[in-house]
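Peer 1: Please find one structure pasted underneath; my questions will follow.
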Amino acid sequence: MFKVQQEESESSMESPNLEFEYGDTDTLTAELSELYSYTEEPEFALNRDYFEEDFKSHARGRRWIELTLEEQRTYVMRLLDALEVTDRDKRLKVARAILYLAQGVFEECDTEVDVLHWSRHNVFLLYDMGIFTALLELLSMEIDNNQACSSAVRKPAISLADSTELRVLLTIMYLLVETIRVQTEDDRPEWRAAREAFKNELGSPLYNGEPFALLLFTMVTKFCSMNAPHFPMKKVLLLLWKTILFTLGGFEELQEMKVRGRERLNLPPLPEDSIKVVRAMRAASPPASAMELIEQQQQQKRGRRSRRPLVKQDSLDTYNERDPFKNDDARDEEEDPEDTDSGIEGEVDPLDRDVIIQPPPPPPPLRPPTERVNFPKGLPWSPKVREKDIEHFLETSRNKFIGFTLGNDTDTLVGLPRPIHESVKTLKQHKYVSIAEVQIKKEDDLQQCPMTLGEEEVDETPTEMLYLGMLPNLSQYVIALLKLLLAAAPTSKAKTDSINILADVLPEEMPITVLQSMKLGIDVNRHKEIIVKAISALLLLLLKHFKLNHIYQTLNYSTLPPSLCLQFEIVSQHLVFANCIPLILKFFNQNIMSYISAKNSIFVLDFPHCVVHEMPELTADSLEAGDSNQFCWRNLFSCINLLRILNKLTKWKHSRTMMLVVFKSAPILKRALKVKQAMMQLYVLKLLKIQTKYLGRQWRKSNMKTMSAIYQKVRHRLNDDWAYGNDIDARPWDFQAEECALRESIEKFNSRRYDKNKNGDFAPVDNCLQSVLGQRVELPEDFHYSYEMWLEREVFSQPIQWEGLLQNP
């Protein structure tokens, strides 16, 4: 009953047009404010007091912003020396003073812009003085602090006080990473050089022989195994996400890497820039509610003109609905309102049906042609064709017309009629060879000809070093991230055995008033939303970078089979085996409009607003009202990321697509179309497209408007009859067999590329006696003292049976 009421409330909600621009991150101010919980607000004053207490003896009445650069460097060096004291409390006070500098010495600033300016200045100064290395040593000490871990395990309730040192260290490191990562136009040349140096430092195995991100991954797994329940997980995840984003690059850098990779592989350029295409898309109206349908049916009886106010010009179902390949005049003549009405009669469930829409009236004949362009000309994406599609088309045609096939030959067209020639020509014009196909071709060659091709040269890119470091414990990292995502999902129910992700948000003393309880409730919900945002962005970045990795080889293959990138596939398979697909579907099985429009934020408590302006009196009404934003940026960002992850897991995977069908994802995804944002709708429609052929004719008949939206917005594969269900892939599926075959390919790849103790049967052997005897052998330093004893024991005292050499083995 509750679910029905929830669906009705969703249907009745008016969906606004969301002015959302997708990017790597939100604004710098928003990203900095999300680092702090509202319960940490008193600590801003604490940081200021510890800094001023120490700074008074050094500055002699002057302020920090009045010092020269050299004087500031001298003071920072003094703080660095003080960090090395053995007293834990003194170290914490010094760390808080450093944190105050990184926060922008807000007591000396009048505006938020001044705070961000001095924060940026101080962060580059701190990095230049070597603060990050000192903080890393302290962080390693805190991670290995077994006394704190055992104390936290025994505690029945963990609060902010249990993670004070860790929170201070992680906050400083996050401010360093995030501030240096963001580029501005007025950056000094030395700052740009520092940015590149810091980026290389974070991505290199400089910290105990592994990248910095692996230390944070270790913190995540340690927390999820209940060995360190006091770790501030939100700060760890945010720092991990920003470290990966900084060292590997964001979505625009990925696009540039993809373009450069295709150039080096001598592949044709991309047909379009996907980022620009998605940003240029218009959002479409969601399906109609039951009440709208009833009103429209009542108004149909009164006459056609009375229904005009209900027409939605930019709906999912009329946007570009006309055939783009016909001219406007022909379309105007061919469209008949009566035919349009008759197409709606077969729809079944009014809650699942789309809006009943009448076509707009034909334009006045004297109107200029420029005013008639209401719809985009053509489709937003260029169609693509795989080599497998051309081979399958020719195999079917040859069997039909000449009675035999020619294998993978796509050039010989003898005996085929002229229309088939034209079809093959059109398919080849839109043929697309992906970088992943080049990768798998090369991998097949290396597996089949290990002696001929020799060892592969592996480029030591940041992505390669990260993958190599993650590989031994990759499944643990993936499972830990999904555990945290499950615990932070709004649809998850509290369980006694689930991990506690609220350790760094709950105060020592629980609230006693209604206002305090409301504030804490908002803080907890905000805390969970930020965790979902960080994990979704982190997983998507890892999948995209691993898919693009190890491609910079000068190869050129003219015909390539459909394929996969094995570094990407191993992470994908770990996600699938850890139930990532049902977890994401469970996340979307909620009132998604309420989640995206949630107002779990208190603007006056956000940093840096709270440290510059006077705090107004908070009331229950002001907390309930929230901010005036139309939507929550981080929640919409998280939803799009999770949809993109789901797309990457299921693309070209028949068994995983069938999992979407088995888990009944179609109604869940269709409800997500209520969010009027073009990019989110695109990825929802992609997921619906790959499973339409398995949903049955009745579903397609009842959802023709959604099918039309798929046609308008999603890229087409010329041979893909996704709308009819006649494809050869509509076959019984064996999930275990497909995943085992994929696992075998992954293990071969990892063994060949990374296993240093692999079998040496195929290693080249030196058969030249002079060469072998001339090799330099590494001997122990003390070997020459016992050389004569070794000769006597191992050579002279051992009888040699020379006749044995003449016998057959």
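Ligands are numbered from 1 in the order shown, residues from 1 within each chain, and chains are lettered A, B, ... in the order they appear in the structure tokens.
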What lies within 9 Å of Thr39 (chain A) using only C-alpha atoms, ignoring chain neighbours under 2 positions off, as JSON, numbers by chain?

Peer 2: {"A": [36, 37, 41, 42, 43, 160, 504, 505, 506, 507, 519, 520, 523]}

Peer 1: Contacts of region 235-252 of chain A at 7 Å or less, counting only C-alpha atoms, minus same-chain residues fewer than 4 places along, as number ranges by chain?

Peer 2: A: 24, 35, 170, 174, 177-178, 181, 199, 202-203, 213, 216, 256, 462-463, 534-535, 538

Peer 1: Write out, as a CSV table (one decimal), in the first residue's frame, the residues just selected, with N, CA, C and O atoms.

Peer 2:
```csv
chain,number,residue,atom,x,y,z
A,24,ASP,N,33.3,17.1,-13.2
A,24,ASP,CA,34.1,16.3,-12.3
A,24,ASP,C,33.7,16.5,-10.8
A,24,ASP,O,33.6,15.5,-10.0
A,35,LEU,N,33.3,18.8,3.3
A,35,LEU,CA,34.3,18.1,4.1
A,35,LEU,C,34.0,18.1,5.6
A,35,LEU,O,34.3,17.2,6.3
A,170,LEU,N,43.5,14.3,8.1
A,170,LEU,CA,42.9,14.1,6.8
A,170,LEU,C,42.3,15.4,6.3
A,170,LEU,O,42.3,15.6,5.0
A,174,TYR,N,43.3,16.9,2.7
A,174,TYR,CA,42.2,17.1,1.7
A,174,TYR,C,42.3,18.6,1.2
A,174,TYR,O,42.2,18.8,0.0
A,177,VAL,N,45.2,18.7,-1.3
A,177,VAL,CA,44.9,18.0,-2.6
A,177,VAL,C,43.9,18.8,-3.4
A,177,VAL,O,44.1,19.1,-4.6
A,178,GLU,N,42.8,19.2,-2.8
A,178,GLU,CA,41.7,19.8,-3.5
A,178,GLU,C,42.0,21.2,-4.0
A,178,GLU,O,41.7,21.6,-5.1
A,181,ARG,N,44.7,21.0,-6.7
A,181,ARG,CA,44.1,20.3,-7.9
A,181,ARG,C,43.4,21.3,-8.8
A,181,ARG,O,43.5,21.3,-10.0
A,199,LYS,N,51.1,16.4,-8.3
A,199,LYS,CA,50.4,15.3,-9.0
A,199,LYS,C,51.3,14.1,-9.2
A,199,LYS,O,50.8,13.0,-9.0
A,202,LEU,N,51.9,12.2,-5.9
A,202,LEU,CA,50.8,11.4,-5.4
A,202,LEU,C,50.6,10.2,-6.2
A,202,LEU,O,50.2,9.1,-5.7
A,203,GLY,N,50.9,10.2,-7.5
A,203,GLY,CA,50.7,9.1,-8.4
A,203,GLY,C,51.8,8.1,-8.4
A,203,GLY,O,51.7,7.0,-9.0
A,213,ALA,N,47.1,6.6,-2.8
A,213,ALA,CA,45.7,6.2,-2.8
A,213,ALA,C,45.6,4.8,-2.2
A,213,ALA,O,44.6,4.5,-1.5
A,216,LEU,N,45.0,4.9,1.5
A,216,LEU,CA,43.6,5.2,1.8
A,216,LEU,C,42.7,4.0,1.6
A,216,LEU,O,41.7,3.8,2.4
A,256,GLU,N,40.4,13.6,-23.8
A,256,GLU,CA,41.7,13.9,-24.5
A,256,GLU,C,42.6,12.7,-24.6
A,256,GLU,O,43.2,12.5,-25.7
A,462,PRO,N,50.5,6.5,-14.1
A,462,PRO,CA,49.9,6.5,-12.8
A,462,PRO,C,48.7,5.4,-12.7
A,462,PRO,O,48.6,4.8,-11.6
A,463,THR,N,48.0,5.3,-13.8
A,463,THR,CA,46.9,4.3,-13.7
A,463,THR,C,47.5,2.9,-13.6
A,463,THR,O,47.0,2.0,-12.9
A,534,ALA,N,30.9,10.4,-3.1
A,534,ALA,CA,32.3,10.1,-3.2
A,534,ALA,C,32.5,8.7,-3.8
A,534,ALA,O,33.4,8.5,-4.7
A,535,ILE,N,31.8,7.7,-3.3
A,535,ILE,CA,32.0,6.3,-3.8
A,535,ILE,C,31.5,6.2,-5.2
A,535,ILE,O,32.2,5.5,-6.1
A,538,LEU,N,34.2,7.8,-7.4
A,538,LEU,CA,35.4,7.0,-7.4
A,538,LEU,C,35.3,5.8,-8.2
A,538,LEU,O,36.2,5.5,-9.0
```

Peer 1: Which neighbours of Asn500 (chain A) fall inside 12 Å, counting only C-alpha atoms, when residues of the same chain fewer than 6 positions from it are skipped, and could you give them as a list of chain:residue names?

Peer 2: A:Ala152, A:Val153, A:Pro156, A:Ala157, A:Ile158, A:Ser159, A:Phe223, A:Cys224, A:Ser225, A:Met226, A:Ala228, A:Pro229, A:His230, A:Phe231, A:Pro232, A:Met233, A:Lys234, A:Lys483, A:Leu484, A:Leu485, A:Leu486, A:Ala487, A:Ala488, A:Ala494, A:Leu506, A:Val524, A:Lys528

Peer 1: Generate the output file for the selected residues, C-alpha atoms, as a PDB file, in the first residue's frame.

Peer 2:
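To be explicit, this is the file written out as again.pdb:
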```pdb
ATOM      1  CA  ALA A 152      37.299   1.867  19.621  1.00  0.00           C
ATOM      2  CA  VAL A 153      36.312  -1.773  19.064  1.00  0.00           C
ATOM      3  CA  PRO A 156      29.587   0.634  22.562  1.00  0.00           C
ATOM      4  CA  ALA A 157      29.134   4.031  20.884  1.00  0.00           C
ATOM      5  CA  ILE A 158      31.750   5.900  18.853  1.00  0.00           C
ATOM      6  CA  SER A 159      31.663   9.676  18.471  1.00  0.00           C
ATOM      7  CA  PHE A 223      37.266   0.109   8.702  1.00  0.00           C
ATOM      8  CA  CYS A 224      34.887  -2.286   6.931  1.00  0.00           C
ATOM      9  CA  SER A 225      36.492  -5.307   8.606  1.00  0.00           C
ATOM     10  CA  MET A 226      35.504  -3.745  11.986  1.00  0.00           C
ATOM     11  CA  ALA A 228      39.124   0.325  13.134  1.00  0.00           C
ATOM     12  CA  PRO A 229      35.525   1.532  13.582  1.00  0.00           C
ATOM     13  CA  HIS A 230      36.698   5.020  14.612  1.00  0.00           C
ATOM     14  CA  PHE A 231      38.118   5.927  11.199  1.00  0.00           C
ATOM     15  CA  PRO A 232      36.362   9.045   9.780  1.00  0.00           C
ATOM     16  CA  MET A 233      35.163   7.352   6.609  1.00  0.00           C
ATOM     17  CA  LYS A 234      33.618  10.371   4.922  1.00  0.00           C
ATOM     18  CA  LYS A 483      29.475  -2.113   1.857  1.00  0.00           C
ATOM     19  CA  LEU A 484      29.826   1.600   2.517  1.00  0.00           C
ATOM     20  CA  LEU A 485      27.551   2.425  -0.400  1.00  0.00           C
ATOM     21  CA  LEU A 486      24.919   0.052   0.964  1.00  0.00           C
ATOM     22  CA  ALA A 487      25.169   1.531   4.452  1.00  0.00           C
ATOM     23  CA  ALA A 488      24.792   5.073   3.072  1.00  0.00           C
ATOM     24  CA  ALA A 494      19.456  -0.210   9.941  1.00  0.00           C
ATOM     25  CA  LEU A 506      27.752  11.883  15.981  1.00  0.00           C
ATOM     26  CA  VAL A 524      23.346  12.573   9.265  1.00  0.00           C
ATOM     27  CA  LYS A 528      25.287   9.771   3.911  1.00  0.00           C
TER      28      LYS A 528
END
```

Peer 1: Find the residue from A:Cys580, A:Ile531, A:Leu673, A:Ile180 that sits nearest to Glu34 (chain A); use only C-alpha atoms when measuring.

Peer 2: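 Looking only at the distances to Glu34 (chain A), the closest residue turns out to be A:Ile531.
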
Peer 1: Tell me, as a PyMOL selection string, which residues lie within 9 Å of Ala620 (chain A), counting only C-alpha atoms; anything in the same chain fewer than 3 positions away does not count.

Peer 2: chain A and resi 514-515+518-519+623-625

Peer 1: Deliver the residues from the most recent selection as a file, using N, CA and C atoms, as a PDB file, in the first residue's frame.

Peer 2:
```pdb
ATOM      1  N   VAL A 514      14.446  19.516  20.536  1.00  0.00           N
ATOM      2  CA  VAL A 514      13.921  19.196  19.203  1.00  0.00           C
ATOM      3  C   VAL A 514      14.783  19.843  18.117  1.00  0.00           C
ATOM      4  N   LEU A 515      15.222  21.074  18.360  1.00  0.00           N
ATOM      5  CA  LEU A 515      16.043  21.782  17.369  1.00  0.00           C
ATOM      6  C   LEU A 515      17.372  21.063  17.158  1.00  0.00           C
ATOM      7  N   MET A 518      16.740  17.935  15.116  1.00  0.00           N
ATOM      8  CA  MET A 518      16.530  18.233  13.690  1.00  0.00           C
ATOM      9  C   MET A 518      17.857  18.537  12.998  1.00  0.00           C
ATOM     10  N   LYS A 519      18.692  19.313  13.660  1.00  0.00           N
ATOM     11  CA  LYS A 519      19.997  19.653  13.094  1.00  0.00           C
ATOM     12  C   LYS A 519      20.849  18.396  12.904  1.00  0.00           C
ATOM     13  N   LEU A 623      15.129  25.401   9.561  1.00  0.00           N
ATOM     14  CA  LEU A 623      15.736  24.107   9.222  1.00  0.00           C
ATOM     15  C   LEU A 623      14.851  23.332   8.263  1.00  0.00           C
ATOM     16  N   GLU A 624      13.530  23.380   8.463  1.00  0.00           N
ATOM     17  CA  GLU A 624      12.621  22.670   7.575  1.00  0.00           C
ATOM     18  C   GLU A 624      12.598  23.288   6.179  1.00  0.00           C
ATOM     19  N   ALA A 625      12.717  24.606   6.105  1.00  0.00           N
ATOM     20  CA  ALA A 625      12.670  25.278   4.806  1.00  0.00           C
ATOM     21  C   ALA A 625      13.880  24.927   3.960  1.00  0.00           C
TER      22      ALA A 625
END
```

Peer 1: Closest to Tyr38 (chain A) among A:Leu254, A:Ile645, A:Leu18, A:Ile522, using only C-alpha atoms?

Peer 2: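 Counting only C-alpha atoms, the residue closest to Tyr38 (chain A) is A:Ile522.
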
Peer 1: With distances taken over only C-alpha atoms, which residue among A:Leu215, A:Ala537, A:Leu718, A:Val611 lies nearest Gln429 (chain A)?

Peer 2: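 Counting only C-alpha atoms, the residue closest to Gln429 (chain A) is A:Leu718.
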
Peer 1: Which residues come within 12 Å of region 383-393 of chain A, counting only C-alpha atoms, excluding same-chain residues fewer than 2 positions away, as a ChimeraX atom specification?

Peer 2: /A:270-272,378-381,395-400,405-413,416,420-421,423-434,437,557-563,652,711,713-721,727-728

Peer 1: What does the structure give for the distance between CA of Tyr724 (chain A) and CA of Ala672 (chain A), in Å to one decimal?

Peer 2: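 Distance reported for this atom pair: 23.6 Å.
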
Peer 1: For Phe20 (chain A), which residue among A:Leu687, A:Met679, A:Ile499, A:Ala148 is the nearest when counting only C-alpha atoms?

Peer 2: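 Counting only C-alpha atoms, the residue closest to Phe20 (chain A) is A:Met679.
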
Peer 1: Go through A:Met659, A:His613, A:Arg192, A:Leu482 one by one, measure the shortest atom-to-atom distance of each to Leu642 (chain A) using only C-alpha atoms, and give the residue with the smallest value.

Peer 2: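 Smallest separation from Leu642 (chain A) among the options: A:Leu482.
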
Peer 1: List as a list in words the protein and nucleic acid residues near Glu112 (chain A), meaning an atom at most 8 Å away when only C-alpha atoms are counted, but skip any in the same chain fewer than 5 places from it.

Peer 2: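 So, after excluding close chain neighbours, the residues are Pro608, His609 and Val612 of chain A.
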
Peer 1: For each of A:Leu69, A:Leu80, A:Ile172, A:Ala284, take the minimum atom-to-atom distance to Val123 (chain A), counting only C-alpha atoms, then give the residue where this is smallest.

Peer 2: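 Closest to Val123 (chain A) of all the choices is A:Ile172.
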
Peer 1: At what distance in Å, to one decimal, does CA of Met658 (chain A) lie from CA of Asn641 (chain A)?

Peer 2: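 Computing it gives 21.5 Å between the two atoms.
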
Peer 1: Please return as an MDAnalysis selection string: the residues of region 42-234 of chain A that backbone DSSP assigns to helix (DSSP H, G or I).

Peer 2: chainID A and resid 42:59 64:66 69:82 88:102 106:108 112:128 131:143 146:154 160:181 189:203 212:224 233:234
